[in-house]
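**Q** So here's work-v9.cif, just mmCIF, C-alpha atoms:
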```
data_target
#
loop_
_atom_site.group_PDB
_atom_site.id
_atom_site.type_symbol
_atom_site.label_atom_id
_atom_site.label_comp_id
_atom_site.auth_asym_id
_atom_site.auth_seq_id
_atom_site.Cartn_x
_atom_site.Cartn_y
_atom_site.Cartn_z
ATOM 1 C CA MET A 1 89.932 107.667 136.015
ATOM 2 C CA LYS A 2 92.793 108.643 133.766
ATOM 3 C CA LYS A 3 92.085 108.565 130.082
ATOM 4 C CA ALA A 4 94.361 108.993 127.076
ATOM 5 C CA LYS A 5 92.907 109.787 123.681
ATOM 6 C CA VAL A 6 95.134 108.980 120.735
ATOM 7 C CA CYS A 7 94.558 110.097 117.133
ATOM 8 C CA ILE A 8 96.620 108.307 114.501
ATOM 9 C CA SER A 9 96.731 109.426 110.878
ATOM 10 C CA LEU A 10 98.865 108.968 107.792
ATOM 11 C CA LYS A 11 101.836 111.293 107.494
ATOM 12 C CA ALA A 12 101.466 114.278 105.202
ATOM 13 C CA GLY A 13 102.549 113.513 101.654
ATOM 14 C CA LEU A 14 101.361 109.916 101.681
ATOM 15 C CA LEU A 15 98.386 109.258 99.438
ATOM 16 C CA ASP A 16 95.356 108.643 101.653
ATOM 17 C CA ALA A 17 93.196 106.675 99.211
ATOM 18 C CA GLN A 18 90.249 106.475 101.621
ATOM 19 C CA GLY A 19 90.366 110.184 102.360
ATOM 20 C CA LYS A 20 90.475 110.989 98.657
ATOM 21 C CA THR A 21 87.424 108.819 97.980
ATOM 22 C CA ILE A 22 85.498 110.374 100.870
ATOM 23 C CA LYS A 23 86.384 113.822 99.573
ATOM 24 C CA SER A 24 84.899 113.087 96.159
ATOM 25 C CA ALA A 25 81.815 111.537 97.809
ATOM 26 C CA LEU A 26 81.299 114.760 99.786
ATOM 27 C CA GLU A 27 81.690 116.779 96.601
ATOM 28 C CA SER A 28 79.200 114.626 94.726
ATOM 29 C CA LEU A 29 76.734 115.245 97.578
ATOM 30 C CA GLY A 30 77.087 118.950 96.934
ATOM 31 C CA PHE A 31 79.367 119.941 99.822
ATOM 32 C CA LYS A 32 81.582 122.686 98.498
ATOM 33 C CA GLY A 33 84.995 123.831 99.646
ATOM 34 C CA VAL A 34 86.348 120.515 100.918
ATOM 35 C CA ARG A 35 90.064 120.835 100.336
ATOM 36 C CA GLU A 36 91.250 117.496 101.685
ATOM 37 C CA VAL A 37 90.092 114.591 103.856
ATOM 38 C CA ARG A 38 92.541 112.493 105.875
ATOM 39 C CA VAL A 39 91.276 109.329 107.549
ATOM 40 C CA GLY A 40 92.750 108.114 110.822
ATOM 41 C CA LYS A 41 92.179 105.988 113.887
ATOM 42 C CA TYR A 42 90.979 107.090 117.282
ATOM 43 C CA LEU A 43 91.775 105.174 120.450
ATOM 44 C CA GLU A 44 90.515 105.811 123.977
ATOM 45 C CA ILE A 45 92.683 104.236 126.621
ATOM 46 C CA ASP A 46 91.472 104.006 130.217
ATOM 47 C CA LEU A 47 94.348 103.833 132.659
ATOM 48 C CA ASP A 48 94.406 102.895 136.321
ATOM 49 C CA GLN A 49 96.167 104.572 139.238
ATOM 50 C CA SER A 50 99.483 102.858 138.506
ATOM 51 C CA PHE A 51 100.103 105.430 135.803
ATOM 52 C CA ALA A 52 101.698 108.230 137.764
ATOM 53 C CA LYS A 53 100.898 111.752 136.660
ATOM 54 C CA PRO A 54 104.362 112.986 135.686
ATOM 55 C CA SER A 55 105.159 110.056 133.436
ATOM 56 C CA LEU A 56 101.683 109.518 131.992
ATOM 57 C CA ARG A 57 102.273 111.271 128.689
ATOM 58 C CA ARG A 58 105.638 109.621 128.305
ATOM 59 C CA GLU A 59 104.092 106.210 128.886
ATOM 60 C CA VAL A 60 101.390 106.805 126.263
ATOM 61 C CA GLU A 61 104.057 108.042 123.852
ATOM 62 C CA ARG A 62 105.916 104.802 124.441
ATOM 63 C CA MET A 63 102.749 102.864 123.637
ATOM 64 C CA CYS A 64 102.367 104.807 120.397
ATOM 65 C CA HIS A 65 105.952 104.276 119.413
ATOM 66 C CA LYS A 66 106.082 100.584 120.253
ATOM 67 C CA LEU A 67 102.702 99.431 118.989
ATOM 68 C CA LEU A 68 99.861 101.865 118.322
ATOM 69 C CA ALA A 69 101.405 103.802 115.412
ATOM 70 C CA ASN A 70 103.874 102.825 112.707
ATOM 71 C CA PRO A 71 106.369 105.707 112.582
ATOM 72 C CA VAL A 72 107.242 104.910 108.957
ATOM 73 C CA ILE A 73 103.812 105.981 107.715
ATOM 74 C CA GLU A 74 101.849 107.395 110.635
ATOM 75 C CA ARG A 75 101.857 110.316 113.060
ATOM 76 C CA TYR A 76 99.974 110.482 116.316
ATOM 77 C CA HIS A 77 98.477 113.051 118.622
ATOM 78 C CA ILE A 78 97.851 112.378 122.313
ATOM 79 C CA THR A 79 95.276 114.146 124.465
ATOM 80 C CA LEU A 80 95.121 113.405 128.208
ATOM 81 C CA ASP A 81 91.926 114.039 130.171
ATOM 82 C CA ASP A 82 91.749 116.488 133.103
ATOM 83 C CA ASN A 83 92.998 114.067 135.725
ATOM 84 C CA GLY A 84 95.864 112.974 133.510
ATOM 85 C CA ARG A 85 97.052 116.473 132.777
ATOM 86 C CA MET B 1 116.764 71.068 103.960
ATOM 87 C CA LYS B 2 114.266 71.461 106.776
ATOM 88 C CA PHE B 3 111.665 74.226 106.457
ATOM 89 C CA GLY B 4 109.548 75.702 109.233
ATOM 90 C CA VAL B 5 106.240 77.408 108.449
ATOM 91 C CA VAL B 6 104.984 79.729 111.187
ATOM 92 C CA VAL B 7 101.275 79.517 112.043
ATOM 93 C CA PHE B 8 99.673 82.600 113.559
ATOM 94 C CA PRO B 9 95.996 82.791 114.492
ATOM 95 C CA GLY B 10 94.511 83.915 111.167
ATOM 96 C CA SER B 11 97.234 82.513 108.897
ATOM 97 C CA ASN B 12 95.539 80.877 105.930
ATOM 98 C CA CYS B 13 98.346 80.074 103.491
ATOM 99 C CA ASP B 14 100.462 78.039 105.906
ATOM 100 C CA GLN B 15 99.235 74.656 104.651
ATOM 101 C CA ASP B 16 99.825 75.700 101.026
ATOM 102 C CA CYS B 17 103.450 76.385 101.959
ATOM 103 C CA VAL B 18 103.698 73.082 103.841
ATOM 104 C CA HIS B 19 102.304 71.347 100.735
ATOM 105 C CA VAL B 20 104.781 72.958 98.347
ATOM 106 C CA VAL B 21 107.790 72.198 100.537
ATOM 107 C CA GLY B 22 106.681 68.685 101.486
ATOM 108 C CA GLU B 23 104.962 67.427 98.323
ATOM 109 C CA VAL B 24 106.477 69.477 95.492
ATOM 110 C CA LEU B 25 110.026 69.963 96.764
ATOM 111 C CA ARG B 26 109.985 66.720 98.787
ATOM 112 C CA GLN B 27 111.770 68.360 101.717
ATOM 113 C CA PRO B 28 111.064 67.975 105.440
ATOM 114 C CA VAL B 29 108.777 70.663 106.836
ATOM 115 C CA VAL B 30 107.330 71.466 110.253
ATOM 116 C CA SER B 31 104.706 73.947 111.406
ATOM 117 C CA LEU B 32 105.890 76.422 114.032
ATOM 118 C CA TRP B 33 103.182 77.621 116.428
ATOM 119 C CA HIS B 34 103.211 81.352 117.176
ATOM 120 C CA GLN B 35 103.158 80.763 120.950
ATOM 121 C CA ASP B 36 106.282 78.572 120.856
ATOM 122 C CA THR B 37 109.847 79.737 120.671
ATOM 123 C CA ALA B 38 111.532 76.492 119.554
ATOM 124 C CA LEU B 39 112.602 76.378 115.901
ATOM 125 C CA HIS B 40 113.225 72.595 115.884
ATOM 126 C CA GLY B 41 116.463 72.866 113.916
ATOM 127 C CA VAL B 42 114.943 74.292 110.729
ATOM 128 C CA ASP B 43 117.189 75.624 107.959
ATOM 129 C CA ALA B 44 114.661 78.158 106.659
ATOM 130 C CA ILE B 45 111.536 79.873 107.941
ATOM 131 C CA VAL B 46 108.409 80.833 105.991
ATOM 132 C CA LEU B 47 106.051 83.488 107.341
ATOM 133 C CA PRO B 48 102.892 82.681 105.384
ATOM 134 C CA GLY B 49 100.028 84.796 104.111
ATOM 135 C CA GLY B 50 96.722 85.331 105.826
ATOM 136 C CA PHE B 51 95.189 87.701 108.313
ATOM 137 C CA SER B 52 97.237 87.222 111.469
ATOM 138 C CA TYR B 53 95.318 88.519 114.486
ATOM 139 C CA GLY B 54 92.546 89.649 112.156
ATOM 140 C CA ASP B 55 94.756 92.464 110.804
ATOM 141 C CA TYR B 56 93.757 94.377 113.951
ATOM 142 C CA LEU B 57 95.426 97.781 114.399
ATOM 143 C CA ARG B 58 97.647 97.311 111.314
ATOM 144 C CA THR B 59 98.536 94.283 109.229
ATOM 145 C CA GLY B 60 101.238 92.347 111.068
ATOM 146 C CA ALA B 61 101.338 94.784 113.992
ATOM 147 C CA ILE B 62 100.271 92.269 116.650
ATOM 148 C CA ALA B 63 101.867 89.186 115.103
ATOM 149 C CA ARG B 64 105.317 90.711 115.264
ATOM 150 C CA PHE B 65 105.195 90.522 119.077
ATOM 151 C CA SER B 66 104.400 86.781 119.098
ATOM 152 C CA PRO B 67 106.859 84.637 121.084
ATOM 153 C CA ILE B 68 107.970 82.846 117.883
ATOM 154 C CA MET B 69 109.017 86.149 116.325
ATOM 155 C CA ARG B 70 111.777 86.604 118.917
ATOM 156 C CA SER B 71 113.254 83.325 117.668
ATOM 157 C CA VAL B 72 112.685 84.301 114.029
ATOM 158 C CA GLU B 73 114.511 87.607 114.589
ATOM 159 C CA ALA B 74 117.472 85.850 116.231
ATOM 160 C CA PHE B 75 117.496 83.265 113.419
ATOM 161 C CA ALA B 76 117.530 86.048 110.807
ATOM 162 C CA LYS B 77 120.339 87.925 112.593
ATOM 163 C CA ASP B 78 122.362 84.701 112.498
ATOM 164 C CA GLY B 79 121.995 84.618 108.716
ATOM 165 C CA GLY B 80 119.163 82.068 108.526
ATOM 166 C CA LEU B 81 116.895 82.189 105.467
ATOM 167 C CA VAL B 82 113.541 83.839 106.178
ATOM 168 C CA ILE B 83 110.855 84.519 103.578
ATOM 169 C CA GLY B 84 107.677 86.464 104.338
ATOM 170 C CA ILE B 85 104.851 86.096 101.849
ATOM 171 C CA CYS B 86 102.012 88.632 101.741
ATOM 172 C CA ASN B 87 100.950 88.942 105.407
ATOM 173 C CA GLY B 88 104.361 87.455 106.237
ATOM 174 C CA PHE B 89 105.980 90.381 104.371
ATOM 175 C CA GLN B 90 103.811 92.798 106.360
ATOM 176 C CA ILE B 91 104.970 91.137 109.599
ATOM 177 C CA LEU B 92 108.649 91.452 108.568
ATOM 178 C CA LEU B 93 108.088 95.176 107.934
ATOM 179 C CA GLU B 94 106.409 95.693 111.305
ATOM 180 C CA ALA B 95 109.225 93.758 112.982
ATOM 181 C CA GLY B 96 111.792 96.037 111.348
ATOM 182 C CA LEU B 97 113.540 93.120 109.640
ATOM 183 C CA LEU B 98 112.818 94.870 106.332
ATOM 184 C CA PRO B 99 112.397 98.612 105.677
ATOM 185 C CA GLY B 100 109.118 100.281 104.723
ATOM 186 C CA ALA B 101 105.432 99.810 105.444
ATOM 187 C CA MET B 102 102.232 98.744 103.697
ATOM 188 C CA LEU B 103 99.259 100.987 102.970
ATOM 189 C CA ARG B 104 95.767 100.291 101.625
ATOM 190 C CA ASN B 105 95.774 99.517 97.906
ATOM 191 C CA LYS B 106 95.481 102.647 95.802
ATOM 192 C CA GLY B 107 92.119 101.533 94.414
ATOM 193 C CA LEU B 108 90.824 100.577 97.899
ATOM 194 C CA ARG B 109 89.878 97.119 96.656
ATOM 195 C CA PHE B 110 91.094 93.724 97.738
ATOM 196 C CA ILE B 111 92.908 92.404 94.656
ATOM 197 C CA CYS B 112 93.045 88.676 93.978
ATOM 198 C CA ARG B 113 94.482 87.846 90.554
ATOM 199 C CA PHE B 114 97.600 86.882 88.639
ATOM 200 C CA VAL B 115 100.126 89.631 87.981
ATOM 201 C CA THR B 116 103.310 89.761 85.943
ATOM 202 C CA LEU B 117 106.557 90.536 87.731
ATOM 203 C CA ARG B 118 110.116 91.307 86.694
ATOM 204 C CA VAL B 119 112.934 89.553 88.533
ATOM 205 C CA GLU B 120 115.417 92.348 89.277
ATOM 206 C CA ARG B 121 118.036 90.271 91.083
ATOM 207 C CA THR B 122 119.121 86.696 90.653
ATOM 208 C CA ASP B 123 122.002 86.755 93.142
ATOM 209 C CA THR B 124 119.753 86.227 96.165
ATOM 210 C CA PRO B 125 119.027 82.928 97.952
ATOM 211 C CA PHE B 126 115.395 83.330 96.843
ATOM 212 C CA THR B 127 115.828 84.014 93.126
ATOM 213 C CA ASN B 128 118.995 82.214 91.970
ATOM 214 C CA ARG B 129 116.940 79.843 89.767
ATOM 215 C CA PHE B 130 115.547 82.704 87.649
ATOM 216 C CA GLN B 131 117.101 84.649 84.758
ATOM 217 C CA LYS B 132 117.779 88.332 85.283
ATOM 218 C CA ASN B 133 114.826 90.444 84.060
ATOM 219 C CA GLN B 134 112.755 87.286 83.645
ATOM 220 C CA ILE B 135 109.025 87.996 83.504
ATOM 221 C CA ILE B 136 107.101 85.669 85.791
ATOM 222 C CA ARG B 137 103.427 85.163 86.681
ATOM 223 C CA LEU B 138 102.265 84.866 90.284
ATOM 224 C CA PRO B 139 98.966 85.642 92.006
ATOM 225 C CA ILE B 140 98.484 88.433 94.502
ATOM 226 C CA ALA B 141 95.714 88.512 97.123
ATOM 227 C CA HIS B 142 95.791 91.538 99.373
ATOM 228 C CA ASN B 143 94.117 94.724 100.501
ATOM 229 C CA GLU B 144 97.191 96.391 102.019
ATOM 230 C CA GLY B 145 99.957 95.961 99.465
ATOM 231 C CA ARG B 146 100.936 99.507 98.604
ATOM 232 C CA PHE B 147 104.598 99.492 99.599
ATOM 233 C CA ALA B 148 105.663 102.841 101.024
ATOM 234 C CA LEU B 149 108.835 104.305 102.430
ATOM 235 C CA ASP B 150 110.473 107.717 102.547
ATOM 236 C CA ALA B 151 112.606 108.964 99.662
ATOM 237 C CA ALA B 152 115.921 108.699 101.526
ATOM 238 C CA THR B 153 115.336 105.075 102.501
ATOM 239 C CA LEU B 154 114.078 104.299 99.006
ATOM 240 C CA SER B 155 117.327 105.368 97.366
ATOM 241 C CA SER B 156 119.288 103.340 99.911
ATOM 242 C CA ILE B 157 117.394 100.130 99.136
ATOM 243 C CA GLU B 158 117.307 100.489 95.345
ATOM 244 C CA LYS B 159 119.739 97.575 95.007
ATOM 245 C CA ARG B 160 117.670 95.415 97.336
ATOM 246 C CA VAL B 161 114.567 95.364 95.147
ATOM 247 C CA VAL B 162 114.070 91.800 93.928
ATOM 248 C CA LEU B 163 110.628 91.860 92.280
ATOM 249 C CA ARG B 164 108.697 94.618 90.525
ATOM 250 C CA TYR B 165 105.171 94.630 89.132
ATOM 251 C CA CYS B 166 105.390 95.029 85.345
ATOM 252 C CA ASP B 167 103.397 94.460 82.180
ATOM 253 C CA GLU B 168 103.798 91.417 79.919
ATOM 254 C CA ASN B 169 106.780 93.026 78.210
ATOM 255 C CA GLY B 170 108.557 93.831 81.423
ATOM 256 C CA GLN B 171 107.704 97.536 81.289
ATOM 257 C CA LEU B 172 106.752 99.411 84.446
ATOM 258 C CA THR B 173 103.492 101.199 83.718
ATOM 259 C CA GLU B 174 100.846 102.711 85.944
ATOM 260 C CA SER B 175 98.318 100.063 84.982
ATOM 261 C CA SER B 176 100.766 97.229 85.659
ATOM 262 C CA ASN B 177 101.250 98.438 89.244
ATOM 263 C CA PRO B 178 98.144 96.890 90.836
ATOM 264 C CA ASN B 179 98.237 98.565 94.237
ATOM 265 C CA GLY B 180 100.192 101.783 93.691
ATOM 266 C CA SER B 181 103.399 100.561 95.335
ATOM 267 C CA THR B 182 106.339 102.957 95.383
ATOM 268 C CA ASP B 183 108.562 102.196 92.357
ATOM 269 C CA ALA B 184 106.318 99.182 91.601
ATOM 270 C CA ILE B 185 108.098 97.263 94.344
ATOM 271 C CA ALA B 186 106.668 93.778 94.973
ATOM 272 C CA GLY B 187 109.566 92.153 96.821
ATOM 273 C CA ILE B 188 112.759 93.191 98.623
ATOM 274 C CA VAL B 189 115.591 91.617 100.603
ATOM 275 C CA ASN B 190 117.443 92.913 103.657
ATOM 276 C CA GLN B 191 120.987 94.191 103.445
ATOM 277 C CA ALA B 192 122.540 90.792 104.188
ATOM 278 C CA GLY B 193 120.241 89.187 101.592
ATOM 279 C CA ASN B 194 118.962 86.385 103.857
ATOM 280 C CA VAL B 195 115.524 87.881 104.572
ATOM 281 C CA MET B 196 113.014 88.411 101.782
ATOM 282 C CA GLY B 197 109.514 89.843 101.746
ATOM 283 C CA MET B 198 107.178 89.564 98.768
ATOM 284 C CA MET B 199 103.487 90.338 98.277
ATOM 285 C CA PRO B 200 102.772 87.759 95.496
ATOM 286 C CA HIS B 201 102.125 84.155 96.516
ATOM 287 C CA PRO B 202 104.722 81.715 95.120
ATOM 288 C CA GLU B 203 103.081 78.820 97.007
ATOM 289 C CA ARG B 204 99.866 79.333 95.023
ATOM 290 C CA ALA B 205 101.674 78.943 91.715
ATOM 291 C CA ALA B 206 104.165 76.124 92.228
ATOM 292 C CA GLU B 207 102.478 73.518 90.023
ATOM 293 C CA GLU B 208 101.284 73.792 86.409
ATOM 294 C CA ILE B 209 97.761 72.708 87.350
ATOM 295 C CA LEU B 210 97.443 75.991 89.273
ATOM 296 C CA GLY B 211 98.098 78.122 86.197
ATOM 297 C CA SER B 212 101.794 78.790 86.772
ATOM 298 C CA SER B 213 104.738 77.014 88.331
ATOM 299 C CA ASP B 214 106.965 80.099 88.508
ATOM 300 C CA GLY B 215 106.534 80.196 92.276
ATOM 301 C CA ARG B 216 108.229 76.844 92.616
ATOM 302 C CA LEU B 217 111.537 78.468 91.626
ATOM 303 C CA ILE B 218 111.427 80.704 94.706
ATOM 304 C CA PHE B 219 111.453 77.620 96.933
ATOM 305 C CA GLU B 220 113.927 75.790 94.696
ATOM 306 C CA SER B 221 116.245 78.812 94.854
ATOM 307 C CA MET B 222 116.256 78.517 98.644
ATOM 308 C CA LEU B 223 117.115 74.849 98.288
ATOM 309 C CA GLU B 224 119.921 75.700 95.872
ATOM 310 C CA ALA B 225 121.291 78.355 98.216
ATOM 311 C CA PHE B 226 121.220 75.890 101.109
ATOM 312 C CA ARG B 227 123.059 73.219 99.138
ATOM 313 C CA HIS B 228 125.844 75.618 98.265
ATOM 314 C CA ALA B 229 126.043 77.265 101.678
#
```
Could you render the structure as structure tokens?
**A**
Amino acid sequence: MKKAKVCISLKAGLLDAQGKTIKSALESLGFKGVREVRVGKYLEIDLDQSFAKPSLRREVERMCHKLLANPVIERYHITLDDNGR
Amino acid sequence: MKFGVVVFPGSNCDQDCVHVVGEVLRQPVVSLWHQDTALHGVDAIVLPGGFSYGDYLRTGAIARFSPIMRSVEAFAKDGGLVIGICNGFQILLEAGLLPGAMLRNKGLRFICRFVTLRVERTDTPFTNRFQKNQIIRLPIAHNEGRFALDAATLSSIEKRVVLRYCDENGQLTESSNPNGSTDAIAGIVNQAGNVMGMMPHPERAAEEILGSSDGRLIFESMLEAFRHA
């Protein structure tokens, strides 16, 4: 089975209100040294055999660009599992 | 002037818009189902507020690929009047018909209350019935209303800002910006001026009994623009 793992997070420089709140919650619990928290989304996508190896990453990038991430505010990182790589 | 109000699964302000157009403005209005592509000869399209597709993935992200949106995009490119309210604004952003994107409110809370707004432009088909710099009252009801876009795009759309959150005196202050929007932006138009997106709900404030009738002028402006087109 081919699997793509996609992490989507807000671009640097954009205020991540959730991340900021989580950071102060960690601090109030006594965790020291937390510089910043950024919250994102994680998607696991199972793919069937029709996704050919050479174009797999490109196809997942197309998915990110067209639907999964909004390039105005978000960046994404794709990891392919062993079979996909 | 015939209006069409698009209904997505999860829209919840569509009937308010139908009411304002049909009962307050006394104009013909039809609902447009998201799975259809026919626009039934409408002269203007309203993308209403709500939670289309449950706000899954991002607000408006799924709705923008609905069959009806292909027709809406063609209609907009032809110069047809399109207004997106709240979730409708978010859909227009996702569809690329307007620049920018929406983020979670700065305070992380869903905000549902009246706000004061400054009308920055009165030469648009959506605001010609207002006075320039008029202070108006409309309700907002959203969780993702923090308008964001990069600095370069921001300077290029400065002249396309139609509504800004302000205090009762028309001043832009931090406390009068309810969601932390860039430059206190609450509503913008596209370059051609025929597509508008706004986070406040004019359809919820179109009759005095609802606490304000300022919203009625948004719809009446569209009517005015149509009559002089």
**Q** Closest to Ile73 in chain A among A:Ala4, A:Leu14, A:Val39, A:Leu47, using all atoms listed in the file?
**A**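 Looking only at the distances to Ile73 in chain A, the closest residue turns out to be A:Leu14.
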**Q** Residues picked by the PyMOL selection byres ((chain A) within 8 of (chain B)) here, as a PDB file with C-alpha atoms, in the frame of the given file?
**A**
```pdb
ATOM      1  CA  ALA A  17      93.196 106.675  99.211  1.00  0.00           C
ATOM      2  CA  GLN A  18      90.249 106.475 101.621  1.00  0.00           C
ATOM      3  CA  LEU A  67     102.702  99.431 118.989  1.00  0.00           C
ATOM      4  CA  LEU A  68      99.861 101.865 118.322  1.00  0.00           C
ATOM      5  CA  ASN A  70     103.874 102.825 112.707  1.00  0.00           C
ATOM      6  CA  VAL A  72     107.242 104.910 108.957  1.00  0.00           C
ATOM      7  CA  ILE A  73     103.812 105.981 107.715  1.00  0.00           C
TER       8      ILE A  73
END
```
**Q** Is there a way to get, as number ranges by chain, all residues within 12 Å of the point (112.0, 80.5, 107.4) in file coordinates, counting all atoms listed in the file?
**A** B: 1-7, 14, 17-18, 21, 29-32, 39-48, 68-69, 71-76, 79-85, 88-89, 92, 126, 194-197, 219, 222-223
**Q** Output C-alpha atoms for every residue in that selection, as a PDB file, in the frame of the given file.
**A**
```pdb
ATOM      1  CA  MET B   1     116.764  71.068 103.960  1.00  0.00           C
ATOM      2  CA  LYS B   2     114.266  71.461 106.776  1.00  0.00           C
ATOM      3  CA  PHE B   3     111.665  74.226 106.457  1.00  0.00           C
ATOM      4  CA  GLY B   4     109.548  75.702 109.233  1.00  0.00           C
ATOM      5  CA  VAL B   5     106.240  77.408 108.449  1.00  0.00           C
ATOM      6  CA  VAL B   6     104.984  79.729 111.187  1.00  0.00           C
ATOM      7  CA  VAL B   7     101.275  79.517 112.043  1.00  0.00           C
ATOM      8  CA  ASP B  14     100.462  78.039 105.906  1.00  0.00           C
ATOM      9  CA  CYS B  17     103.450  76.385 101.959  1.00  0.00           C
ATOM     10  CA  VAL B  18     103.698  73.082 103.841  1.00  0.00           C
ATOM     11  CA  VAL B  21     107.790  72.198 100.537  1.00  0.00           C
ATOM     12  CA  VAL B  29     108.777  70.663 106.836  1.00  0.00           C
ATOM     13  CA  VAL B  30     107.330  71.466 110.253  1.00  0.00           C
ATOM     14  CA  SER B  31     104.706  73.947 111.406  1.00  0.00           C
ATOM     15  CA  LEU B  32     105.890  76.422 114.032  1.00  0.00           C
ATOM     16  CA  LEU B  39     112.602  76.378 115.901  1.00  0.00           C
ATOM     17  CA  HIS B  40     113.225  72.595 115.884  1.00  0.00           C
ATOM     18  CA  GLY B  41     116.463  72.866 113.916  1.00  0.00           C
ATOM     19  CA  VAL B  42     114.943  74.292 110.729  1.00  0.00           C
ATOM     20  CA  ASP B  43     117.189  75.624 107.959  1.00  0.00           C
ATOM     21  CA  ALA B  44     114.661  78.158 106.659  1.00  0.00           C
ATOM     22  CA  ILE B  45     111.536  79.873 107.941  1.00  0.00           C
ATOM     23  CA  VAL B  46     108.409  80.833 105.991  1.00  0.00           C
ATOM     24  CA  LEU B  47     106.051  83.488 107.341  1.00  0.00           C
ATOM     25  CA  PRO B  48     102.892  82.681 105.384  1.00  0.00           C
ATOM     26  CA  ILE B  68     107.970  82.846 117.883  1.00  0.00           C
ATOM     27  CA  MET B  69     109.017  86.149 116.325  1.00  0.00           C
ATOM     28  CA  SER B  71     113.254  83.325 117.668  1.00  0.00           C
ATOM     29  CA  VAL B  72     112.685  84.301 114.029  1.00  0.00           C
ATOM     30  CA  GLU B  73     114.511  87.607 114.589  1.00  0.00           C
ATOM     31  CA  ALA B  74     117.472  85.850 116.231  1.00  0.00           C
ATOM     32  CA  PHE B  75     117.496  83.265 113.419  1.00  0.00           C
ATOM     33  CA  ALA B  76     117.530  86.048 110.807  1.00  0.00           C
ATOM     34  CA  GLY B  79     121.995  84.618 108.716  1.00  0.00           C
ATOM     35  CA  GLY B  80     119.163  82.068 108.526  1.00  0.00           C
ATOM     36  CA  LEU B  81     116.895  82.189 105.467  1.00  0.00           C
ATOM     37  CA  VAL B  82     113.541  83.839 106.178  1.00  0.00           C
ATOM     38  CA  ILE B  83     110.855  84.519 103.578  1.00  0.00           C
ATOM     39  CA  GLY B  84     107.677  86.464 104.338  1.00  0.00           C
ATOM     40  CA  ILE B  85     104.851  86.096 101.849  1.00  0.00           C
ATOM     41  CA  GLY B  88     104.361  87.455 106.237  1.00  0.00           C
ATOM     42  CA  PHE B  89     105.980  90.381 104.371  1.00  0.00           C
ATOM     43  CA  LEU B  92     108.649  91.452 108.568  1.00  0.00           C
ATOM     44  CA  PHE B 126     115.395  83.330  96.843  1.00  0.00           C
ATOM     45  CA  ASN B 194     118.962  86.385 103.857  1.00  0.00           C
ATOM     46  CA  VAL B 195     115.524  87.881 104.572  1.00  0.00           C
ATOM     47  CA  MET B 196     113.014  88.411 101.782  1.00  0.00           C
ATOM     48  CA  GLY B 197     109.514  89.843 101.746  1.00  0.00           C
ATOM     49  CA  PHE B 219     111.453  77.620  96.933  1.00  0.00           C
ATOM     50  CA  MET B 222     116.256  78.517  98.644  1.00  0.00           C
ATOM     51  CA  LEU B 223     117.115  74.849  98.288  1.00  0.00           C
TER      52      LEU B 223
END
```
**Q** Looking at all atoms listed in the file, which of A:Phe51, A:Ala25, A:Phe31, A:His77 is the one that sits closest to His65 in chain A?
**A**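 Between A:Phe51, A:Ala25, A:Phe31, A:His77, the residue approaching His65 in chain A most closely is A:His77.
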**Q** Looking at all atoms listed in the file, which of B:Val24, B:Ala152, B:Val162, B:Leu210 is the one that sits closest to Asn190 in chain B?
**A** B:Val162
